[in-house]
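See below for my_file-v6.cif, which holds mmCIF, C-alpha atoms.
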data_my_file
#
loop_
_atom_site.label_atom_id
_atom_site.label_comp_id
_atom_site.auth_asym_id
_atom_site.auth_seq_id
_atom_site.Cartn_x
_atom_site.Cartn_y
_atom_site.Cartn_z
CA MET T 1 0.00 0.00 0.00
CA ALA T 2 1.21 3.50 -0.87
CA SER T 3 2.26 5.73 1.98
CA ILE T 4 0.00 8.43 3.36
CA LYS T 5 2.15 11.18 1.90
CA GLU T 6 2.07 9.67 -1.57
CA ILE T 7 -1.69 9.37 -1.51
CA ARG T 8 -2.03 12.95 -0.32
CA THR T 9 0.07 14.29 -3.23
CA HIS T 10 -1.93 12.18 -5.65
CA ILE T 11 -5.20 13.58 -4.29
CA LYS T 12 -3.89 17.12 -4.62
CA SER T 13 -2.84 16.67 -8.23
CA VAL T 14 -6.16 15.10 -9.16
CA GLU T 15 -7.97 17.99 -7.49
CA GLN T 16 -5.93 20.47 -9.53
CA THR T 17 -6.74 18.65 -12.75
CA LEU T 18 -10.38 18.50 -11.81
CA LYS T 19 -10.42 22.27 -11.39
CA ILE T 20 -9.00 22.74 -14.88
CA THR T 21 -11.29 20.26 -16.61
CA ASN T 22 -14.29 21.61 -14.79
CA ALA T 23 -13.47 25.18 -15.82
CA MET T 24 -12.96 24.08 -19.42
CA PHE T 25 -16.26 22.26 -19.28
CA LEU T 26 -18.05 25.40 -18.15
CA ILE T 27 -16.35 27.59 -20.76
CA SER T 28 -17.07 25.24 -23.62
CA SER T 29 -20.68 24.78 -22.61
CA SER T 30 -21.22 28.53 -22.64
CA ASN T 31 -19.40 28.79 -25.97
CA LEU T 32 -21.49 25.96 -27.30
CA GLN T 33 -24.67 27.81 -26.50
CA LYS T 34 -23.44 30.80 -28.50
CA ALA T 35 -22.30 28.59 -31.36
CA ARG T 36 -25.60 26.69 -31.39
CA LYS T 37 -27.49 29.94 -31.74
CA GLN T 38 -25.27 30.97 -34.62
CA LEU T 39 -25.74 27.57 -36.21
CA THR T 40 -29.53 27.77 -36.05
CA ASP T 41 -29.34 31.29 -37.49
CA VAL T 42 -27.07 30.36 -40.36
CA GLU T 43 -28.72 27.08 -41.24
CA PRO T 44 -31.70 28.52 -43.14
CA TYR T 45 -29.36 30.67 -45.24
CA PHE T 46 -27.09 27.72 -45.88
CA GLN T 47 -29.98 25.51 -46.96
CA LYS T 48 -31.70 28.18 -49.01
CA ILE T 49 -28.53 29.05 -50.88
CA SER T 50 -27.93 25.44 -51.89
CA THR T 51 -31.54 24.81 -52.89
CA THR T 52 -31.59 28.06 -54.85
CA ILE T 53 -28.38 27.22 -56.67
CA SER T 54 -29.64 23.72 -57.35
CA ASP T 55 -32.91 25.17 -58.62
CA ILE T 56 -31.07 27.55 -60.91
CA LEU T 57 -28.73 24.87 -62.20
CA HIS T 58 -31.49 22.43 -63.00
CA HIS T 59 -33.55 25.04 -64.79
CA SER T 60 -30.80 26.39 -66.97
CA PRO T 61 -28.94 23.48 -68.54
CA GLU T 62 -26.54 25.33 -70.78
CA ILE T 63 -24.33 27.24 -68.41
CA ASN T 64 -20.89 27.91 -69.72
CA HIS T 65 -19.13 29.64 -66.96
CA LYS T 66 -15.63 29.51 -65.56
CA PHE T 67 -16.81 28.30 -62.15
CA PHE T 68 -18.56 25.34 -63.73
CA ASP T 69 -15.63 24.30 -65.87
CA LYS T 70 -14.55 20.85 -64.71
CA ARG T 71 -11.34 21.05 -66.76
CA THR T 72 -11.75 17.50 -68.00
CA HIS T 73 -8.75 17.84 -70.32
CA ILE T 74 -6.45 17.58 -67.29
CA PRO T 75 -5.76 13.92 -66.41
CA PRO T 76 -6.53 12.85 -62.82
CA GLU T 77 -2.88 12.44 -61.83
CA LYS T 78 -2.10 16.01 -62.85
CA ARG T 79 -5.03 17.74 -61.28
CA LYS T 80 -4.15 20.25 -58.61
CA ILE T 81 -6.46 19.74 -55.71
CA GLY T 82 -6.85 22.09 -52.78
CA TYR T 83 -8.10 20.89 -49.42
CA ILE T 84 -9.34 23.30 -46.80
CA VAL T 85 -9.10 21.44 -43.50
CA ILE T 86 -10.94 22.98 -40.57
CA THR T 87 -9.53 21.94 -37.20
CA GLY T 88 -9.65 23.47 -33.75
CA ASP T 89 -7.21 26.00 -32.31
CA LYS T 90 -6.71 23.93 -29.19
CA GLY T 91 -6.57 20.31 -28.28
CA LEU T 92 -8.37 18.60 -25.41
CA ALA T 93 -11.50 18.16 -27.46
CA GLY T 94 -11.79 14.40 -27.48
CA ALA T 95 -11.52 12.83 -30.89
CA TYR T 96 -12.59 16.00 -32.73
CA ASN T 97 -9.21 17.02 -34.16
CA HIS T 98 -8.06 13.45 -34.58
CA ASN T 99 -11.04 12.48 -36.72
CA ILE T 100 -10.79 15.38 -39.14
CA LEU T 101 -7.01 14.97 -39.49
CA LYS T 102 -7.44 11.27 -40.18
CA LEU T 103 -9.86 12.10 -42.96
CA ALA T 104 -7.46 14.70 -44.34
CA GLU T 105 -4.58 12.18 -44.35
CA GLN T 106 -6.74 9.67 -46.18
CA LYS T 107 -7.71 12.23 -48.81
CA LEU T 108 -4.14 13.42 -49.23
CA SER T 109 -2.84 9.92 -49.83
CA GLN T 110 -5.29 9.55 -52.71
CA SER T 111 -4.20 12.61 -54.65
CA ALA T 112 -0.75 13.31 -56.00
CA ASN T 113 -0.99 17.05 -56.47
CA ALA T 114 -2.64 18.31 -53.34
CA SER T 115 -2.25 21.61 -51.53
CA LEU T 116 -3.33 22.08 -47.97
CA PHE T 117 -5.08 25.08 -46.52
CA VAL T 118 -5.49 24.63 -42.81
CA VAL T 119 -7.75 26.52 -40.45
CA GLY T 120 -6.88 26.15 -36.77
CA GLN T 121 -3.63 25.81 -34.88
CA VAL T 122 -3.91 22.09 -34.11
CA GLY T 123 -4.06 21.10 -37.75
CA ARG T 124 -1.30 23.51 -38.69
CA SER T 125 1.17 22.12 -36.17
CA TYR T 126 0.13 18.55 -36.97
CA PHE T 127 0.94 18.90 -40.69
CA MET T 128 4.12 20.82 -39.97
CA GLU T 129 5.33 18.08 -37.65
CA HIS T 130 4.64 15.49 -40.32
CA GLY T 131 6.57 17.48 -42.87
CA MET T 132 3.63 18.22 -45.12
CA PRO T 133 3.75 21.61 -46.80
CA ILE T 134 0.85 23.88 -45.99
CA ASP T 135 0.01 27.28 -47.36
CA GLY T 136 1.72 29.77 -45.07
CA GLU T 137 -0.42 32.73 -46.06
CA PHE T 138 -3.63 30.99 -45.20
CA LEU T 139 -3.82 31.99 -41.54
CA TYR T 140 -7.26 31.86 -40.11
CA THR T 141 -8.45 30.96 -36.66
CA ALA T 142 -11.29 28.60 -35.94
CA GLN T 143 -12.61 30.73 -33.07
CA ASN T 144 -15.79 32.76 -33.41
CA PRO T 145 -16.44 32.31 -37.13
CA ASN T 146 -17.67 35.42 -38.94
CA VAL T 147 -18.69 36.34 -42.45
CA GLY T 148 -15.60 38.49 -43.07
CA ARG T 149 -13.26 35.56 -42.55
CA ALA T 150 -15.37 33.34 -44.77
CA ARG T 151 -15.26 36.04 -47.43
CA ASP T 152 -11.46 36.30 -47.29
CA MET T 153 -11.13 32.53 -47.55
CA ALA T 154 -13.59 32.37 -50.42
CA GLU T 155 -11.72 35.11 -52.28
CA THR T 156 -8.41 33.29 -51.91
CA MET T 157 -9.90 30.07 -53.21
CA LEU T 158 -11.73 31.67 -56.13
CA ASP T 159 -8.60 33.52 -57.08
CA LEU T 160 -6.45 30.38 -57.05
CA PHE T 161 -9.10 28.52 -59.00
CA GLN T 162 -9.34 31.19 -61.67
CA ARG T 163 -5.58 31.43 -62.06
CA GLU T 164 -5.56 27.64 -62.58
CA GLN T 165 -3.38 27.10 -59.54
CA LEU T 166 -6.08 24.75 -58.38
CA ASP T 167 -8.42 22.60 -60.43
CA GLU T 168 -10.61 21.38 -57.61
CA VAL T 169 -11.28 22.67 -54.13
CA TYR T 170 -12.71 20.63 -51.27
CA VAL T 171 -13.50 21.64 -47.76
CA LEU T 172 -13.09 19.13 -44.93
CA PHE T 173 -15.11 19.98 -41.86
CA THR T 174 -16.98 18.35 -39.03
CA ARG T 175 -20.70 18.28 -39.47
CA MET T 176 -22.84 18.35 -36.40
CA VAL T 177 -25.52 15.73 -36.98
CA ASN T 178 -26.93 16.09 -33.47
CA SER T 179 -25.42 16.80 -30.08
CA PHE T 180 -24.10 13.25 -29.75
CA GLN T 181 -22.98 12.64 -33.27
CA MET T 182 -20.43 14.57 -35.25
CA GLU T 183 -19.02 13.37 -38.50
CA PRO T 184 -16.06 14.58 -40.54
CA THR T 185 -17.35 15.52 -43.97
CA VAL T 186 -15.86 16.27 -47.38
CA HIS T 187 -17.63 18.91 -49.39
CA LYS T 188 -16.79 19.95 -52.92
CA LEU T 189 -16.50 23.71 -53.18
CA LEU T 190 -15.25 24.28 -56.73
CA PRO T 191 -15.96 23.80 -59.57
CA LEU T 192 -19.70 23.79 -59.09
CA ASP T 193 -21.18 20.54 -60.21
CA PRO T 194 -24.88 20.42 -61.13
CA ASP T 195 -24.91 16.67 -60.42
CA ALA T 196 -23.76 17.25 -56.85
CA PHE T 197 -26.98 19.06 -56.06
CA PRO T 198 -29.93 16.78 -55.57
CA GLN T 199 -32.70 17.30 -58.07
CA GLU T 200 -35.81 18.20 -56.17
CA GLU T 201 -39.29 17.11 -56.98
CA GLU T 202 -41.16 19.80 -58.80
CA ILE T 203 -43.90 21.10 -56.57
CA THR T 204 -44.95 24.11 -58.56
CA SER T 205 -45.63 24.45 -62.23
CA TYR T 206 -42.40 26.40 -62.52
CA ASN T 207 -40.79 24.71 -65.45
CA ARG T 208 -40.05 27.49 -67.86
CA ASP T 209 -36.59 28.70 -68.54
CA VAL T 210 -35.21 31.35 -66.31
CA THR T 211 -34.14 34.75 -67.54
CA TYR T 212 -30.95 36.20 -66.20
CA VAL T 213 -30.77 39.94 -65.66
CA PRO T 214 -28.56 41.43 -67.06
CA SER T 215 -26.77 38.27 -68.30
CA VAL T 216 -25.90 34.76 -67.19
CA LYS T 217 -22.27 35.70 -66.77
CA ALA T 218 -22.95 38.81 -64.71
CA VAL T 219 -25.29 36.91 -62.42
CA MET T 220 -22.98 33.95 -62.01
CA ASP T 221 -20.02 36.24 -61.35
CA ARG T 222 -21.83 37.46 -58.25
CA LEU T 223 -23.81 34.42 -57.33
CA VAL T 224 -20.96 31.92 -57.20
CA PRO T 225 -18.68 33.92 -54.87
CA GLY T 226 -21.71 34.48 -52.65
CA TYR T 227 -22.40 30.78 -52.64
CA VAL T 228 -18.80 29.82 -51.89
CA LYS T 229 -18.72 32.36 -49.09
CA GLY T 230 -21.96 31.10 -47.61
CA ASP T 231 -20.76 27.53 -47.92
CA LEU T 232 -17.47 28.22 -46.16
CA PHE T 233 -19.19 30.20 -43.45
CA GLY T 234 -21.56 27.33 -42.85
CA ALA T 235 -18.64 24.90 -42.66
CA LEU T 236 -16.81 27.13 -40.18
CA VAL T 237 -19.85 27.47 -37.96
CA GLN T 238 -20.58 23.75 -38.07
CA SER T 239 -16.98 22.95 -37.16
CA TYR T 240 -16.83 25.45 -34.35
CA CYS T 241 -20.05 24.13 -32.91
CA SER T 242 -18.77 20.53 -33.16
CA GLU T 243 -15.49 21.49 -31.53
CA GLN T 244 -17.18 23.07 -28.54
CA ASN T 245 -19.52 20.13 -28.27
CA ALA T 246 -16.66 17.62 -28.43
CA ARG T 247 -14.69 19.54 -25.85
CA MET T 248 -17.66 19.78 -23.55
CA THR T 249 -18.28 16.03 -23.70
CA ALA T 250 -14.59 15.22 -23.25
CA MET T 251 -14.22 17.57 -20.30
CA LYS T 252 -17.40 16.31 -18.69
CA SER T 253 -16.24 12.71 -18.80
CA SER T 254 -12.77 13.61 -17.51
CA SER T 255 -14.29 15.61 -14.65
CA ASP T 256 -16.45 12.62 -13.80
CA ASN T 257 -13.41 10.36 -13.93
CA ALA T 258 -11.49 12.70 -11.66
CA ARG T 259 -14.34 12.66 -9.15
CA ASP T 260 -14.45 8.85 -9.16
CA MET T 261 -10.72 8.75 -8.71
CA LEU T 262 -10.86 11.19 -5.80
CA GLN T 263 -13.40 8.99 -4.08
CA THR T 264 -11.26 5.84 -4.23
CA LEU T 265 -8.18 7.82 -3.30
CA ASN T 266 -9.91 9.31 -0.26
CA LEU T 267 -11.00 5.83 0.76
CA SER T 268 -7.49 4.43 0.58
CA TYR T 269 -6.14 7.55 2.28
CA ASN T 270 -8.48 7.06 5.23
CA ARG T 271 -7.63 3.37 5.34
CA ALA T 272 -3.93 4.13 5.37
CA ARG T 273 -4.41 6.70 8.11
CA GLN T 274 -6.38 4.24 10.21
CA THR T 275 -3.74 1.56 9.74
CA ALA T 276 -1.08 4.02 10.84
CA ILE T 277 -3.05 4.93 13.99
CA THR T 278 -3.74 1.29 14.83
CA GLN T 279 -0.11 0.48 14.39
CA GLU T 280 0.94 3.35 16.63
CA ILE T 281 -1.45 2.22 19.40
CA THR T 282 -0.19 -1.34 19.10
CA GLU T 283 3.35 -0.05 19.41
CA VAL T 284 2.52 2.08 22.48
CA VAL T 285 0.67 -0.76 24.16
CA GLY T 286 3.48 -3.16 23.28
CA GLY T 287 6.06 -0.75 24.71
CA ALA T 288 4.02 -0.24 27.90
CA GLN T 289 3.64 -4.00 28.37
CA ALA T 290 7.35 -4.51 27.86
CA ALA T 291 8.11 -1.83 30.45
CA LEU T 292 5.94 -3.50 33.08
CA MET K 1 -50.81 32.30 -50.80
CA ALA K 2 -53.24 34.43 -48.90
CA GLU K 3 -54.49 36.59 -51.75
CA ALA K 4 -54.20 36.63 -55.47
CA ASN K 5 -52.24 39.89 -55.57
CA THR K 6 -49.50 38.92 -53.13
CA PHE K 7 -46.45 36.78 -53.54
CA TYR K 8 -44.38 35.03 -50.95
CA LEU K 9 -41.25 36.99 -50.07
CA GLU K 10 -38.23 35.68 -48.23
CA ILE K 11 -35.28 37.90 -47.30
CA ILE K 12 -32.56 35.81 -45.71
CA THR K 13 -29.10 36.79 -44.42
CA PRO K 14 -26.42 34.63 -42.79
CA GLU K 15 -27.31 36.17 -39.43
CA ARG K 16 -31.05 35.90 -39.49
CA GLN K 17 -34.23 35.50 -41.47
CA PHE K 18 -35.09 39.13 -42.08
CA TYR K 19 -38.56 38.82 -43.55
CA ILE K 20 -40.69 35.86 -44.47
CA GLY K 21 -44.24 36.42 -45.52
CA PRO K 22 -46.56 37.76 -48.19
CA ALA K 23 -45.81 41.00 -50.01
CA GLU K 24 -47.62 42.97 -52.69
CA ALA K 25 -44.63 44.54 -54.37
CA LEU K 26 -40.90 44.74 -54.08
CA ILE K 27 -38.27 47.16 -55.33
CA PHE K 28 -34.63 46.25 -54.95
CA PRO K 29 -31.29 47.52 -56.29
CA ALA K 30 -30.21 45.20 -59.11
CA VAL K 31 -26.86 45.42 -60.86
CA ASP K 32 -28.15 47.70 -63.60
CA GLY K 33 -30.56 49.84 -61.63
CA GLN K 34 -33.68 49.50 -59.54
CA MET K 35 -35.91 46.54 -60.25
CA GLY K 36 -39.54 46.23 -59.32
CA VAL K 37 -41.44 42.99 -58.83
CA TYR K 38 -45.17 42.32 -58.70
CA VAL K 39 -46.96 39.03 -58.48
CA GLY K 40 -46.74 37.04 -61.71
CA HIS K 41 -43.26 38.19 -62.62
CA ALA K 42 -41.39 36.08 -65.17
CA PRO K 43 -38.90 33.65 -63.60
CA THR K 44 -35.70 35.60 -63.23
CA VAL K 45 -32.40 35.35 -61.45
CA THR K 46 -30.46 38.50 -60.80
CA ALA K 47 -27.74 39.93 -58.60
CA ILE K 48 -28.31 42.54 -55.93
CA GLU K 49 -26.10 45.52 -55.21
CA PRO K 50 -25.83 47.11 -51.77
CA GLY K 51 -28.55 49.71 -51.52
CA GLU K 52 -32.07 50.48 -50.44
CA LEU K 53 -34.84 47.96 -50.76
CA ARG K 54 -38.57 48.47 -50.35
CA TYR K 55 -41.35 45.97 -50.03
CA LYS K 56 -45.06 46.60 -49.73
CA VAL K 57 -47.06 44.78 -47.10
CA ASP K 58 -50.76 45.62 -46.61
CA GLY K 59 -50.39 48.79 -48.64
CA VAL K 60 -47.43 50.11 -46.63
CA TRP K 61 -43.95 50.40 -48.07
CA GLU K 62 -41.29 49.03 -45.74
CA PRO K 63 -37.77 50.25 -46.45
CA ALA K 64 -34.62 48.29 -45.57
CA ALA K 65 -30.91 48.47 -46.28
CA VAL K 66 -29.45 45.39 -47.97
CA GLY K 67 -25.98 44.18 -48.86
CA ALA K 68 -24.79 42.39 -51.97
CA GLY K 69 -26.46 39.12 -52.85
CA PHE K 70 -28.83 37.65 -55.35
CA ALA K 71 -32.51 37.18 -55.97
CA GLU K 72 -34.50 34.37 -57.45
CA ILE K 73 -37.88 35.41 -58.73
CA LYS K 74 -40.75 33.09 -59.55
CA PRO K 75 -44.34 34.13 -60.34
CA ASP K 76 -45.59 33.61 -56.79
CA TYR K 77 -42.40 33.51 -54.80
CA VAL K 78 -39.33 35.73 -54.42
CA ILE K 79 -36.26 34.85 -52.45
CA LEU K 80 -33.50 37.30 -51.66
CA LEU K 81 -30.21 36.04 -50.25
CA VAL K 82 -28.17 39.02 -49.13
CA GLY K 83 -25.12 39.76 -47.00
CA PHE K 84 -27.07 41.85 -44.54
CA ALA K 85 -30.50 43.39 -44.18
CA GLU K 86 -31.52 46.06 -41.69
CA HIS K 87 -34.59 48.03 -40.82
CA PRO K 88 -34.09 51.82 -40.86
CA GLU K 89 -34.42 52.01 -37.06
CA GLU K 90 -31.65 49.43 -36.63
CA ILE K 91 -29.15 51.41 -38.63
CA ASP K 92 -26.49 53.16 -36.62
CA ARG K 93 -25.96 56.36 -38.62
CA LYS K 94 -22.83 57.36 -36.75
CA ARG K 95 -21.27 54.00 -37.35
CA ALA K 96 -22.22 54.03 -41.00
CA GLU K 97 -20.81 57.53 -41.43
CA ALA K 98 -17.58 56.54 -39.73
CA ALA K 99 -17.38 53.48 -41.97
CA LYS K 100 -17.95 55.66 -45.03
CA LEU K 101 -15.16 58.05 -44.03
CA ARG K 102 -12.85 55.14 -43.30
CA ALA K 103 -13.55 53.54 -46.66
CA GLU K 104 -13.04 56.83 -48.52
CA GLU K 105 -9.79 57.38 -46.66
CA ARG K 106 -8.58 53.92 -47.63
CA LEU K 107 -9.60 54.40 -51.23
CA ARG K 108 -7.33 57.46 -51.47
CA GLN K 109 -4.32 55.42 -50.48
CA LYS K 110 -2.40 53.09 -52.67
CA GLN K 111 -3.51 49.51 -52.14
CA SER K 112 -3.75 46.15 -53.78
CA ILE K 113 -6.64 45.29 -56.10
CA GLN K 114 -8.18 43.10 -53.47
CA GLU K 115 -7.96 45.79 -50.81
CA TYR K 116 -9.44 48.21 -53.29
CA TYR K 117 -12.43 45.94 -53.82
CA HIS K 118 -12.86 45.48 -50.08
CA SER K 119 -12.83 49.25 -49.55
CA LYS K 120 -15.27 49.74 -52.40
CA ALA K 121 -17.59 47.13 -50.94
CA ALA K 122 -17.31 48.71 -47.48
CA LEU K 123 -18.16 52.10 -48.97
CA ALA K 124 -21.16 50.66 -50.81
CA ARG K 125 -22.42 49.04 -47.61
CA ALA K 126 -22.05 52.29 -45.67
CA MET K 127 -23.84 54.25 -48.42
CA ALA K 128 -26.69 51.73 -48.49
CA ARG K 129 -27.18 52.10 -44.74
CA LEU K 130 -27.01 55.89 -44.86
CA LYS K 131 -29.47 56.10 -47.73
CA THR K 132 -32.04 53.94 -45.99
CA GLY K 133 -31.54 55.41 -42.54
CA ARG K 134 -32.44 58.91 -43.70
#

Show the structure stored in the file as structure tokens.
Amino acid sequence: MASIKEIRTHIKSVEQTLKITNAMFLISSSNLQKARKQLTDVEPYFQKISTTISDILHHSPEINHKFFDKRTHIPPEKRKIGYIVITGDKGLAGAYNHNILKLAEQKLSQSANASLFVVGQVGRSYFMEHGMPIDGEFLYTAQNPNVGRARDMAETMLDLFQREQLDEVYVLFTRMVNSFQMEPTVHKLLPLDPDAFPQEEEITSYNRDVTYVPSVKAVMDRLVPGYVKGDLFGALVQSYCSEQNARMTAMKSSSDNARDMLQTLNLSYNRARQTAITQEITEVVGGAQAAL
Amino acid sequence: MAEANTFYLEIITPERQFYIGPAEALIFPAVDGQMGVYVGHAPTVTAIEPGELRYKVDGVWEPAAVGAGFAEIKPDYVILLVGFAEHPEEIDRKRAEAAKLRAEERLRQKQSIQEYYHSKAALARAMARLKTGR
């Protein structure tokens, strides 16, 4: 059995850790509430923008626009593919960062000509440690997603795509299915693919061709950046929400573990103390008897 | 649809759902000038510039400031997806004026193309707010 002093130090260190995990639990649960609100606010926009784009795409078959160009003349092994990987800025969030990085690794191993654009400090240091080159200029934090950051990211991606530095752009983020289930997801950002949008059942009699004012090109020039921006913003919000949720769950279970541990430690501490007292009494009594 | 002379209008921003409900008419700033919509409009897709928007509900015109975005128009349904949308009473004139000055100041300085576009967009947003807030 460990000595009383050892047990006491152990109890102290567990108490310290419990304080930290408990504080992190409280912080992430308050952050989660904020993030949830943002998620519920952004979700209608996110959904509407994809249904609208899908609607437009399915009603105007002959769109010849640079953002829809799949560049089929480039063979698969030469295609330059960009991956935006959204991770957290901090660890201690359970399997959240691990899962998304695993997915990123898997995607990277499949493509020869891939560039990485990483959001969040955890992902950045992970890829740097593993000697994978990441874009140094692409410095965005995962905290408190806002539209301005999504716009900057979207502009960078659209610019690289137009200059043919990238032929395809994917975003890897964690989708929040519900509060217990989060799944890492791959989403194709560019080029826009009409087949990627599900064809909806026609409810209205709206079947005629759509007019574009002033022209298809002018509309698409504005619509596509807006869509990419909205898409990225949605991905950022989803990821942030998932991160806070993962951290909250992880910290809750570690706080619970710490409490369990404290209980058993206290028990063995008391036992050890009692043993020590009993032993002392036995020694005193023994000494007194010997002196008689 | 409640009545024959109204269409269903949705104005949605990333932050909130600004307006969802029936409207009799709508005027919004398109790329090449103001565009008006009544019920039964031909199916159209167009882009929206930052500016002042007005929609008519129960015979009353409601103004609002909107940011860049796009609109999808169907005969009985109009959806506007914009960067921001604000009622006149929500607009902070002082803030908008400060933003306008800041953007103008930046535009006078030498900057990259991208920065130039950002400043231009910031200026357009500030102007849209000021115009509606009057």

### Task
Starting from the shown file, work through the PyMOL selection byres ((chain T) within 6 of (chain K)) and note down what comes out as an MDAnalysis selection string.
chainID T and resid 41:42 45 210:213 219

### Message
Which residue is closest to Pro50 (chain K)? Choose from K:Arg102, K:His87, K:Arg125, K:Lys120 and count all atoms listed in the file.
### Response
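The shortest atom-to-atom distance to Pro50 (chain K) comes from K:Arg125.
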
Quick one: residues within 6 Å of Glu24 (chain K), all atoms listed in the file counted, chain neighbours fewer than 4 positions away excluded, as a PDB file with C-alpha atoms, in the frame of the given file?
ATOM      1  CA  THR K   6     -49.500  38.920 -53.130  1.00  0.00           C
ATOM      2  CA  LYS K  56     -45.060  46.600 -49.730  1.00  0.00           C
ATOM      3  CA  VAL K  57     -47.060  44.780 -47.100  1.00  0.00           C
TER       4      VAL K  57
END

### Task
Evaluate the PyMOL selection byres ((chain T and resi 230-246) around 6) on the structure here and hand back the selected residues as a ChimeraX atom specification.
/T:28,32,35,93-94,145,150,173-176,227-229,247-249

### Message
Report, in Å with one decimal, the straight-line distance from CA of Ser255 (chain T) to CA of Leu103 (chain T).
### Response
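Spanning CA of Ser255 (chain T) to CA of Leu103 (chain T) is a straight-line distance of 28.9 Å.
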
### Task
Would you please work out which residue, of T:Pro191, T:Gly91, T:Gly148, T:Gly287, is nearest to Ala121 (chain K) when using all atoms listed in the file?
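When distances to Ala121 (chain K) are compared using all atoms listed in the file, the smallest one comes from T:Gly148.
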
### Query
Evaluating the PyMOL selection byres ((chain K and resi 8) around 8) on the displayed file yields which residues, as JSON, numbers by chain?
{"K": [1, 6, 7, 9, 10, 20, 21, 22, 23, 76, 77, 78]}

### Task
Pick out the residues sitting within 10 Å of Phe138 (chain T), and hand them over as a list in words; count all atoms listed in the file, and ignore anything fewer than 5 positions along from it in its own chain.
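Surrounding residues, per the criterion: Ile84, Leu116, Phe117, Val118, Val119, Asp152, Met153 and Thr156 of chain T.
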